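Undergrad: Can you keep this structure in mind? I'll have questions shortly.
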Amino acid sequence: MAVSLGELAVRFGCELRGDPETCVEHVATLLGADARSLAFLANPRYKPQLATTLAAAVVLDAASAKHCRVSALICQNPYVTYARIAGVLHPKPQAQPGMHPSAIVAASARIDPTAHVGALCVVGERVVVGPRTVVGVQSLLDDDVMLAEDVYLVARVTLCRSVEIGARTVVQPGVVIGGDGFGFAPERGRWVKVPQVGTVRIGPDVEIGANTTIDRGAVDDTIIEEGVKLDNLIQVAHNVHIGAHSVIAACTGISGSTTIGKRCMIGGGVGFGGHLTIVDDVVITGTTMVSHSIMERGVYSSGIPLEKASTWRRMVGRFKRLERLDARLKKLEGAAGAPHDQEEDDD
Amino acid sequence: MAVSLGELAVRFGCELRGDPETCVEHVATLLGADARSLAFLANPRYKPQLATTLAAAVVLDAASAKHCRVSALICQNPYVTYARIAGVLHPKPQAQPGMHPSAIVAASARIDPTAHVGALCVVGERVVVGPRTVVGVQSLLDDDVMLAEDVYLVARVTLCRSVEIGARTVVQPGVVIGGDGFGFAPERGRWVKVPQVGTVRIGPDVEIGANTTIDRGAVDDTIIEEGVKLDNLIQVAHNVHIGAHSVIAACTGISGSTTIGKRCMIGGGVGFGGHLTIVDDVVITGTTMVSHSIMERGVYSSGIPLEKASTWRRMVGRFKRLERLDARLKKLEGAAGAPHDQEEDDD
Amino acid sequence: MAVSLGELAVRFGCELRGDPETCVEHVATLLGADARSLAFLANPRYKPQLATTLAAAVVLDAASAKHCRVSALICQNPYVTYARIAGVLHPKPQAQPGMHPSAIVAASARIDPTAHVGALCVVGERVVVGPRTVVGVQSLLDDDVMLAEDVYLVARVTLCRSVEIGARTVVQPGVVIGGDGFGFAPERGRWVKVPQVGTVRIGPDVEIGANTTIDRGAVDDTIIEEGVKLDNLIQVAHNVHIGAHSVIAACTGISGSTTIGKRCMIGGGVGFGGHLTIVDDVVITGTTMVSHSIMERGVYSSGIPLEKASTWRRMVGRFKRLERLDARLKKLEGAAGAPHDQEEDDD
């Protein structure tokens with residue numbers, strides 16, 4: 001799709017420096033751009049590329065505009081403006097209203113006439129699919145699932161019985177929502193399954209990445225509030241509650257009944273214990289082990305960066321002999337008549 | 001489904017304190033219960049909620065019963081009894097015997113007439129499906145798969161050729177069992193695929209969580225014994241052997257040819273090296289790195305709990321300078337005429 | 001399939017010690033072999049089993065051959081030779097050319113007449129499927145996907161629009177390639193989705209394990225070069241680039257825009273930060289946290305092996321009091337008149 005810079009400037013509230021009649025057809029990086037490309041500059045590390053870019057125009061802020069030798073769309077938040085323009089130049093494929101003849105849809109399901117149900121989908125009893133919602137190819141909506149308006153299940157999404165999804169939420173392929181939580185009661189060395197009778201309720205404007213799993217609640221429901229963004233291969237256990245506008249990177253696991261606050265930012269590969277509370281506005285860096293609640297906003301970590309393996313082995317050796325090192329220090333302190341440090345013995 | 005307390009007391013061997021004619025219809029938490037709810041108390045931290053619960057009745061033990069102001073079903077193991085009653089009040093959806101007309105079933109497959117094969121399933125040659133087994137919607141049973149009686153594949157389960165599943169085992173959506181193990185032989189800087197000719201054999205009463213993967217054996221089989229419970233997004237590599245009644249939490253990975261004993265309890269996000277042996281009754285806490293065998297029962301750990309990032313960075317800095325700290329200590333020891341600690345040099 | 005040792009010796013360039021007319025039908029471990037089995041010895045730890053194996057023949061190197069009491073196929077690289085022979089004795093199931101009648105294939109798709117498209121597959125507009133390529137049961141090829149020759153999608157593989165797969169590449173079930181990268185621009189406490197307009201290009205001779213996810217690029221493409229082997233449940237974020245012949249074990253996550261060199265070997269459960277560069281020939285041990293670039297070949301680590309939990313808790317306690325320990329040491333150094341170590345204060 002070709003759009004003129006003039007139209008983009010008006011539509012997205014940018015100051016245009018350049019010919020309003022120039023058209024762009026697609027987005028590109030500064031480095032990869034050609035004369036039909038719109039590029040953007042949000043990360044200062046790429047500023048040197050302004051000097052050589054072949055883009056038709058660049059979206060950037062006023063401070064950077066003076067370094068730009070091609071047309072410029074100047075705005076306050078170039079990354080957001082770029083995102084919106086990219087959505088115009090590269091629109092989501094449109095699905096036709098209606099149900100593919102190969103979809104198997106229960107008679108009691110209520111599919112809005114503007115919704116799309118793709119090939120080989122299975123839709124159970126009493127399912128509700130809202131206006132303009134797209135149920136991508138090979139998806140499964142079990143009995144009593146409810147999808148609001150403008151939901152986009154990309155393809156092959158599994159929603160178990162009674163799961164609810166809010167408006168405009170996007171779910172990538174391979175996601176499983178509403179599988180049974182991991183609940184077993186011990187009895188004489190065996191495990192008795194505890195029926196998982198809650199469900200999962202997901203708010204509007206959520207995004208869920210490929211092959212992520214979100215379990216149904218044991219008794220009450222698992223809850224994902226509005227605007228939450230989950231990356232791929234994340235595990236959300238039963239009765240977890242994730243607050244609005246929190247983002248979580250891939251491979252993170254959240255154990256049962258843990259509550260994460262609003263606007264948190266969680267790195268990749270983080271592991272949360274169960275029954276914890278994380279307050280609003282907490283940032284946790286990648287691969288951190290969260291074994292206790294966090295009651296104060298701030299940035300938290302526990303991962304240790306890598307070293308050459310030979311160095312690392314020595315470090316771990318010293319770590320494992322810290323007790324001995326402490327004893328040696330105590331001995332010297334004793335010899336020097338230094339006072340004994342009581343707290344060192346408290347573990 | 002409404003059931004009287006009297007019937008529940010008789011059926012599950014509880015002492016009833018209250019009106020046997022009172023009926024309950026569903027389970028609830030103590031906090032969320034209404035007059036048609038059955039709640040339970042297993043975790044002492046919720047005991048204060050007994051004072052205010054609106055439940056019709058509570059399942060609990062004799063010691064807690066005196067604090068209960070509503071009807072009580074008194075038993076020794078309230079969590080197990082609750083689990084069983086919940087199964088009565090919230091029965092698993094019943095699947096009709098027979099095959100959905102959209103399922104594609106090889107002529108040589110032997111499907112028990114009491115079994116159910118759901119919509120859009122694909123069932124290969126010589127597959128055997130036992131009595132009352134449910135093959136959920138969109139599942140794939142490749143050639144020579146064998147399912148015993150009362151197996152429950154919830155939906156969209158992939159069983160590659162020759163996989164065997166024992167009685168009453170439950171498999172959640174997105175699980176892949178019998179994909180090729182990760183076996184490649186190096187040859188002049190390239191990798192030659194080693195055919196994975198074993199299969200996967202899973203015992204009875206196992207549960208496998210959503211999107212978990214269990215690879216087929218390289219030569220011999222990968223084995224999951226009876227009663228094992230696996231959570232979501234777990235990786236079980238080729239020729240792993242997991243002993244009976246062990247439970248493993250989400251996001252754990254087990255490398256090839258590792259053997260885990262019976263009745264082990266493994267936390268989430270644990271990583272096992274390959275070719276290890278873990279004896280029976282071992283407990284491993286979440287995010288532990290298991291790089292060597294464990295020959296003695298007990299509880300094992302290696303994850304480090306998080307800190308504020310600023311504090312953490314300082315700790316890691318000190319950790320990485322432990323060698324220097326040791327050298328300083330040696331110097332002081334030398335000056336003080338303390339004997340040199342030989343073992344400190346052994347790495 | 002029965003094959004004579006004589007034929008195997010000729011075909012795979014082995015020296016045969018034994019009767020060339022003896023036939024083998026399947027592979028086995030040294031321990032599990034019977035008189036129709038071919039076994040192999042590649043790992044010296046299994047050498048004692050040569051004394052008692054019942055195999056018809058063993059593939060091994062010249063040095064081990066003298067310990068072998070049954071027929072021997074002697075070669076330089078027994079593991080590779082075994083891999084090739086196993087492929088002969090246990091051939092991959094052959095798929096018939098043609099499309100299963102239940103597959104839903106767009107009219108504009110170009111499926112080579114020698115290719116196979118399995119039951120209940122969905123193939124979008126303008127898809128190209130090359131000669132002898134197998135699209136396994138229930139797979140989804142979205143619009144504009146391109147598969148080269150001899151590709152093998154085992155089953156239930158999801159390829160989003162425009163994904164390209166090279167010749168002979170094998171993809172296990174549950175894999176999702178080309179889901180949207182995790183890109184969101186912050187705006188007043190909310191997240192605006194950044195359209196992911198790149199795709200994923202995968203080279204020839206790649207293998208991708210079950211339920212692994214590979215995201216499409218944000219602007220440019222995500223790239224997996226030839227010969228790369230990815231295990232199960234791996235996350236590859238947008239714009240990652242993995243160099244030829246690198247192997248990555250299960251549960252590893254690679255954040256956006258990170259580049260991994262050629263011939264790297266990455267253990268399981270490793271976490272990579274974003275925008276990093278890892279040079280060629282790097283080895284990273286399991287559960288390592290890779291938070292900065294690696295510019296020199298070598299072996300790198302950061303995981304700490306487990307301990308008994310009681311010991312571990314003490315170690316962590318000491319680790320968290322390292323600062324105090326350092327202060328005590330400084331005090332002693334001061335008292336002894338030792339020079340103050342400046343660098344200890346630099347964090």
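Identifiers for the structure tokens are assigned positionally: chains receive A, B, ... in sequence, residues are indexed from 1 per chain, and ligands are indexed from 1 in the order shown.
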Taking 3 positions as the minimum chain separation for residues in the same chain, which residues sit within 12 Å of C:Ala250 when counting only C-alpha atoms? Answer as a PyMOL selection string.
TA: (chain A and resi 251) or (chain B and resi 181-182+212-215+233-238+251-256+271-274) or (chain C and resi 208-213+229-236+247+253-254+265-271+286-287)
Undergrad: Would you output that residue set with C-alpha atoms, as a PDB file, in the first residue's frame?
TA:
```
ATOM      1  CA  CYS A 251      10.275 -18.748  29.047  1.00  0.00           C
TER       2      CYS A 251
ATOM      3  CA  GLY B 181      15.138 -37.314  20.469  1.00  0.00           C
ATOM      4  CA  PHE B 182      17.949 -34.815  19.946  1.00  0.00           C
ATOM      5  CA  THR B 212       4.958 -30.641  27.539  1.00  0.00           C
ATOM      6  CA  THR B 213       7.234 -32.645  25.216  1.00  0.00           C
ATOM      7  CA  ILE B 214       8.462 -36.217  25.752  1.00  0.00           C
ATOM      8  CA  ASP B 215      10.910 -37.504  23.158  1.00  0.00           C
ATOM      9  CA  LEU B 233       6.050 -26.980  29.345  1.00  0.00           C
ATOM     10  CA  ILE B 234       8.347 -29.718  30.636  1.00  0.00           C
ATOM     11  CA  GLN B 235      10.997 -31.241  28.399  1.00  0.00           C
ATOM     12  CA  VAL B 236      11.693 -34.972  28.785  1.00  0.00           C
ATOM     13  CA  ALA B 237      14.548 -36.004  26.505  1.00  0.00           C
ATOM     14  CA  HIS B 238      15.205 -39.389  24.939  1.00  0.00           C
ATOM     15  CA  CYS B 251       9.335 -25.478  32.855  1.00  0.00           C
ATOM     16  CA  THR B 252      11.711 -28.199  34.061  1.00  0.00           C
ATOM     17  CA  GLY B 253      14.029 -29.823  31.509  1.00  0.00           C
ATOM     18  CA  ILE B 254      15.493 -33.327  31.805  1.00  0.00           C
ATOM     19  CA  SER B 255      18.395 -34.187  29.522  1.00  0.00           C
ATOM     20  CA  GLY B 256      18.886 -37.507  27.789  1.00  0.00           C
ATOM     21  CA  GLY B 271      17.519 -28.237  34.744  1.00  0.00           C
ATOM     22  CA  PHE B 272      18.884 -31.792  34.747  1.00  0.00           C
ATOM     23  CA  GLY B 273      22.077 -32.733  32.941  1.00  0.00           C
ATOM     24  CA  GLY B 274      22.215 -35.955  30.939  1.00  0.00           C
TER      25      GLY B 274
ATOM     26  CA  ILE C 208      13.699 -28.074  14.927  1.00  0.00           C
ATOM     27  CA  GLY C 209      12.407 -29.870  18.032  1.00  0.00           C
ATOM     28  CA  ALA C 210       8.871 -30.236  19.338  1.00  0.00           C
ATOM     29  CA  ASN C 211       6.987 -27.139  20.531  1.00  0.00           C
ATOM     30  CA  THR C 212       9.888 -24.806  19.763  1.00  0.00           C
ATOM     31  CA  THR C 213       8.883 -21.267  18.723  1.00  0.00           C
ATOM     32  CA  LYS C 229      19.905 -28.202  15.196  1.00  0.00           C
ATOM     33  CA  LEU C 230      17.385 -26.895  17.731  1.00  0.00           C
ATOM     34  CA  ASP C 231      15.998 -29.119  20.476  1.00  0.00           C
ATOM     35  CA  ASN C 232      12.489 -28.922  22.002  1.00  0.00           C
ATOM     36  CA  LEU C 233      10.822 -25.933  23.710  1.00  0.00           C
ATOM     37  CA  ILE C 234      13.364 -23.371  22.555  1.00  0.00           C
ATOM     38  CA  GLN C 235      12.395 -19.736  22.125  1.00  0.00           C
ATOM     39  CA  VAL C 236      13.966 -17.829  19.236  1.00  0.00           C
ATOM     40  CA  VAL C 247      23.347 -26.857  18.077  1.00  0.00           C
ATOM     41  CA  GLY C 253      15.640 -18.809  25.205  1.00  0.00           C
ATOM     42  CA  ILE C 254      17.262 -16.305  22.848  1.00  0.00           C
ATOM     43  CA  MET C 265      27.212 -25.581  21.087  1.00  0.00           C
ATOM     44  CA  ILE C 266      24.653 -24.273  23.569  1.00  0.00           C
ATOM     45  CA  GLY C 267      23.452 -26.343  26.537  1.00  0.00           C
ATOM     46  CA  GLY C 268      19.900 -26.618  27.839  1.00  0.00           C
ATOM     47  CA  GLY C 269      18.075 -23.917  29.765  1.00  0.00           C
ATOM     48  CA  VAL C 270      20.461 -21.164  28.694  1.00  0.00           C
ATOM     49  CA  GLY C 271      19.074 -17.604  28.642  1.00  0.00           C
ATOM     50  CA  GLY C 286      23.594 -25.632  30.536  1.00  0.00           C
ATOM     51  CA  THR C 287      21.551 -23.043  32.510  1.00  0.00           C
TER      52      THR C 287
END
```
Undergrad: Would you list the contacts of stretch 113-124 of chain B as a ChimeraX atom specification, taking every protein, DNA or RNA residue within 6 Å and counting only C-alpha atoms, but skipping same-chain residues closer than 6 positions in sequence?
TA: /B:97-100,102-106,131-143
Undergrad: Output the selection as a short mmCIF file (atom, residue, chain, number, x, y, z; two decimals), in the first residue's frame - N, CA and C atoms for each residue.
TA:
```cif
data_model
loop_
_atom_site.label_atom_id
_atom_site.label_comp_id
_atom_site.auth_asym_id
_atom_site.auth_seq_id
_atom_site.Cartn_x
_atom_site.Cartn_y
_atom_site.Cartn_z
N PRO B 97 -19.71 -42.57 23.42
CA PRO B 97 -18.97 -43.60 22.69
C PRO B 97 -19.14 -43.37 21.19
N GLY B 98 -18.08 -43.70 20.47
CA GLY B 98 -18.17 -43.60 19.01
C GLY B 98 -17.20 -42.58 18.45
N MET B 99 -17.16 -42.56 17.15
CA MET B 99 -16.20 -41.69 16.47
C MET B 99 -16.94 -40.56 15.78
N HIS B 100 -16.45 -39.35 15.94
CA HIS B 100 -17.03 -38.22 15.23
C HIS B 100 -16.85 -38.45 13.73
N SER B 102 -16.09 -36.61 11.42
CA SER B 102 -14.97 -35.90 10.78
C SER B 102 -13.62 -36.51 11.14
N ALA B 103 -13.59 -37.46 12.08
CA ALA B 103 -12.31 -38.10 12.42
C ALA B 103 -11.88 -39.00 11.27
N ILE B 104 -10.57 -39.05 11.07
CA ILE B 104 -10.02 -39.85 9.96
C ILE B 104 -9.28 -41.02 10.60
N VAL B 105 -9.88 -42.21 10.50
CA VAL B 105 -9.40 -43.36 11.25
C VAL B 105 -9.02 -44.47 10.28
N ALA B 106 -7.79 -44.95 10.41
CA ALA B 106 -7.33 -46.01 9.51
C ALA B 106 -8.17 -47.27 9.71
N PRO B 131 -11.08 -49.45 26.14
CA PRO B 131 -12.43 -49.14 26.60
C PRO B 131 -12.52 -47.80 27.31
N ARG B 132 -13.58 -47.08 27.00
CA ARG B 132 -13.92 -45.81 27.67
C ARG B 132 -12.85 -44.73 27.50
N THR B 133 -11.86 -44.97 26.69
CA THR B 133 -10.84 -43.95 26.45
C THR B 133 -11.41 -42.82 25.59
N VAL B 134 -11.00 -41.58 25.92
CA VAL B 134 -11.46 -40.41 25.17
C VAL B 134 -10.28 -39.81 24.40
N VAL B 135 -10.41 -39.75 23.09
CA VAL B 135 -9.41 -39.10 22.25
C VAL B 135 -10.00 -37.75 21.86
N GLY B 136 -9.52 -36.69 22.54
CA GLY B 136 -10.13 -35.37 22.39
C GLY B 136 -9.94 -34.80 20.99
N VAL B 137 -10.73 -33.79 20.72
CA VAL B 137 -10.78 -33.10 19.44
C VAL B 137 -9.39 -32.80 18.87
N GLN B 138 -9.22 -33.02 17.58
CA GLN B 138 -8.00 -32.63 16.86
C GLN B 138 -6.74 -33.35 17.34
N SER B 139 -6.90 -34.50 18.01
CA SER B 139 -5.71 -35.25 18.42
C SER B 139 -5.18 -36.07 17.25
N LEU B 140 -3.90 -36.43 17.36
CA LEU B 140 -3.25 -37.24 16.34
C LEU B 140 -2.63 -38.47 16.98
N LEU B 141 -3.09 -39.65 16.58
CA LEU B 141 -2.47 -40.90 17.02
C LEU B 141 -1.82 -41.51 15.79
N ASP B 142 -0.51 -41.45 15.76
CA ASP B 142 0.20 -41.96 14.59
C ASP B 142 0.18 -43.50 14.60
N ASP B 143 0.71 -44.11 13.57
CA ASP B 143 0.64 -45.57 13.44
C ASP B 143 1.13 -46.28 14.70
#
```
Undergrad: I need the residue nearest chain B from this list: C:Ala51, C:Ala72, C:Ala86, C:Val176. Use only C-alpha atoms for the distance.
TA: C:Ala86
Undergrad: Within 10 Å of B:Gln196, counting only C-alpha atoms, which residues show up once you throw out same-chain ones fewer than 4 positions away? Write them as a PDB file with C-alpha atoms, in the first residue's frame, please.
TA:
```
ATOM      1  CA  GLY B 178       7.309 -39.390  20.768  1.00  0.00           C
ATOM      2  CA  GLY B 179       8.959 -36.625  18.764  1.00  0.00           C
ATOM      3  CA  ASP B 180      12.502 -37.511  17.750  1.00  0.00           C
ATOM      4  CA  GLY B 181      15.138 -37.314  20.469  1.00  0.00           C
ATOM      5  CA  PHE B 182      17.949 -34.815  19.946  1.00  0.00           C
ATOM      6  CA  GLY B 183      20.619 -37.135  18.568  1.00  0.00           C
ATOM      7  CA  ASP B 215      10.910 -37.504  23.158  1.00  0.00           C
ATOM      8  CA  ARG B 216      11.111 -41.075  21.861  1.00  0.00           C
ATOM      9  CA  GLY B 217      14.170 -43.120  22.805  1.00  0.00           C
ATOM     10  CA  ALA B 218      17.265 -43.300  20.617  1.00  0.00           C
ATOM     11  CA  VAL B 219      17.444 -47.115  20.743  1.00  0.00           C
ATOM     12  CA  ASP B 220      15.642 -48.213  23.914  1.00  0.00           C
ATOM     13  CA  ASP B 221      12.469 -46.442  25.088  1.00  0.00           C
ATOM     14  CA  HIS B 238      15.205 -39.389  24.939  1.00  0.00           C
TER      15      HIS B 238
ATOM     16  CA  ALA C  83      23.589 -43.387  12.374  1.00  0.00           C
ATOM     17  CA  ALA C  86      20.229 -47.206  11.483  1.00  0.00           C
ATOM     18  CA  GLY C  87      18.656 -45.086   8.748  1.00  0.00           C
ATOM     19  CA  HIS C  90      14.744 -48.230  10.243  1.00  0.00           C
TER      20      HIS C  90
END
```
Undergrad: Within 6 Å of C:Asp61, counting only C-alpha atoms, which residues show up once you throw out same-chain ones fewer than 2 positions away? Write them as a ChimeraX atom specification, please.
TA: /C:63-64,74-76
Undergrad: Keeping C-alpha atoms for every residue in the selection just given, could you write it to a file as a short mmCIF file (atom, residue, chain, number, x, y, z; two decimals), in the first residue's frame?
TA:
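The result, stored in again_31.cif:
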```
data_model
loop_
_atom_site.label_atom_id
_atom_site.label_comp_id
_atom_site.auth_asym_id
_atom_site.auth_seq_id
_atom_site.Cartn_x
_atom_site.Cartn_y
_atom_site.Cartn_z
CA ALA C 63 41.07 -49.83 18.79
CA SER C 64 37.96 -51.36 20.33
CA ILE C 74 35.22 -51.47 11.87
CA CYS C 75 35.34 -47.80 10.91
CA GLN C 76 36.79 -44.46 11.97
#
```
Undergrad: List as a ChimeraX atom specification the protein and nucleic acid residues near C:Arg190, meaning an atom at most 10 Å away when only C-alpha atoms are counted, but skip any in the same chain fewer than 6 places from it.
TA: /A:205,226-228,244-246,263 /C:184
Undergrad: So that I can see what lies close to A:Phe40, please list as an MDAnalysis selection string the residues with an atom at most 10 Å from it, counting only C-alpha atoms and leaving out residues fewer than 5 positions away in the same chain.
TA: chainID A and resid 27:30 46:47 50 55 57:61 72:73 78:79 81:83
Undergrad: Would you save the residues of that selection, restricted to N, CA and C atoms, as a CSV table (one decimal), in the first residue's frame?
TA:
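To be explicit, this is the file written out as again-v5.csv:
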```csv
chain,number,residue,atom,x,y,z
A,27,VAL,N,7.8,-0.4,5.4
A,27,VAL,CA,8.7,0.0,6.4
A,27,VAL,C,10.0,-0.7,6.2
A,28,ALA,N,11.1,-0.1,6.7
A,28,ALA,CA,12.4,-0.8,6.6
A,28,ALA,C,13.3,-0.2,7.7
A,29,THR,N,14.4,-0.9,8.0
A,29,THR,CA,15.4,-0.3,8.9
A,29,THR,C,16.2,0.8,8.1
A,30,LEU,N,16.8,1.6,8.9
A,30,LEU,CA,17.6,2.7,8.2
A,30,LEU,C,18.6,2.1,7.2
A,46,TYR,N,21.4,3.9,16.7
A,46,TYR,CA,21.3,3.8,15.3
A,46,TYR,C,21.4,5.2,14.6
A,47,LYS,N,21.6,6.3,15.4
A,47,LYS,CA,21.6,7.6,14.8
A,47,LYS,C,22.7,7.8,13.7
A,50,LEU,N,21.6,7.6,10.1
A,50,LEU,CA,20.8,8.6,9.4
A,50,LEU,C,21.6,9.2,8.2
A,55,ALA,N,16.3,5.7,2.8
A,55,ALA,CA,14.8,5.8,3.0
A,55,ALA,C,14.2,7.0,2.3
A,57,ALA,N,11.7,8.5,3.8
A,57,ALA,CA,11.5,9.4,5.0
A,57,ALA,C,11.8,8.6,6.2
A,58,VAL,N,12.1,9.3,7.3
A,58,VAL,CA,12.4,8.7,8.6
A,58,VAL,C,11.4,9.4,9.6
A,59,VAL,N,10.9,8.5,10.5
A,59,VAL,CA,10.1,9.0,11.7
A,59,VAL,C,11.1,9.2,12.8
A,60,LEU,N,11.1,10.4,13.4
A,60,LEU,CA,12.1,10.6,14.5
A,60,LEU,C,11.7,11.8,15.3
A,61,ASP,N,12.4,12.1,16.3
A,61,ASP,CA,12.0,13.2,17.2
A,61,ASP,C,12.8,14.5,16.7
A,72,ALA,N,11.6,13.9,6.7
A,72,ALA,CA,11.4,13.6,8.1
A,72,ALA,C,10.0,13.8,8.6
A,73,LEU,N,9.5,12.8,9.3
A,73,LEU,CA,8.2,12.9,10.0
A,73,LEU,C,8.6,13.1,11.5
A,78,PRO,N,8.7,8.6,18.5
A,78,PRO,CA,8.8,8.0,17.2
A,78,PRO,C,8.5,6.5,17.1
A,79,TYR,N,8.7,5.8,18.2
A,79,TYR,CA,8.5,4.4,18.1
A,79,TYR,C,7.0,4.1,18.1
A,81,THR,N,4.7,6.2,17.0
A,81,THR,CA,4.2,6.7,15.7
A,81,THR,C,4.6,5.7,14.6
A,82,TYR,N,5.8,5.2,14.6
A,82,TYR,CA,6.2,4.2,13.6
A,82,TYR,C,5.3,3.0,13.7
A,83,ALA,N,5.0,2.5,14.9
A,83,ALA,CA,4.2,1.4,15.1
A,83,ALA,C,2.8,1.6,14.4
```
Undergrad: Got a sec to tell me which of stretch 90-315 of chain B DSSP assigns to strand (DSSP E or B), as number ranges by chain?
TA: B: 98-99, 104-105, 110-111, 116-117, 122-123, 128-129, 134-135, 140-141, 146-147, 152-153, 158-159, 164-165, 170-171, 176-179, 184-187, 190-193, 200-202, 207-208, 213-215, 222-224, 229-230, 235-236, 241-242, 247-248, 253-254, 259-260, 265-266, 271-272, 277-278, 282-284, 289-290, 294, 298-301, 305, 307-308
Undergrad: Please provide the set of residues having any atom within 9 Å of stretch 308-319 of chain A, restricted to only C-alpha atoms, with same-chain residues fewer than 5 positions apart removed, written as a PyMOL selection string.
TA: (chain A and resi 325) or (chain B and resi 319-323+326+344+347) or (chain C and resi 284-285+298-305+315-316+318-319)
Undergrad: Taking only C-alpha atoms into account, which of C:Asn77, C:Gln49, C:Gln94, C:Ser291 comes nearest chain A?
TA: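 When distances to chain A are compared using only C-alpha atoms, the smallest one comes from C:Ser291.
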Undergrad: With only C-alpha atoms as the basis for distance, which of A:Asp112, A:Glu25, A:Glu207, A:Glu149 is at the shortest distance from chain C?
TA: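 The answer is A:Glu207, which sits nearest to chain C.
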Undergrad: For chain C, which of B:Glu187, B:Asp280, B:Asp150, B:Glu333 is the closest residue, counting only C-alpha atoms?
TA: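 The answer is B:Glu187, which sits nearest to chain C.
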Undergrad: Between atom CA of A:Gly130 and atom CA of A:Arg168, what is the distance in Å, rounded to a tenth?
TA: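 Those two atoms sit 10.4 Å apart.
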Undergrad: Name the closest residue to chain A among the candidates B:Arg11, B:Arg36, B:Arg324, B:Arg84; distances are taken between atoms, counting only C-alpha atoms.
TA: B:Arg84
Undergrad: Compare B:Pro195, B:Gly6, B:Pro44, B:Gly166 by their minimum atom-to-atom distance to C:Ile85, counting only C-alpha atoms, and give me the closest one.
TA: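 Closest candidate: B:Pro195.
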Undergrad: Suppose you want the space between atom CA of A:Cys160 and atom CA of A:His275; what is it in Å?
TA: 24.2 Å
Undergrad: Using DSSP on the backbone, list every residue of stretch 113-327 of chain C that comes out as alpha helix (DSSP H), and give them as a PyMOL selection string.
TA: chain C and resi 309-320+322-327
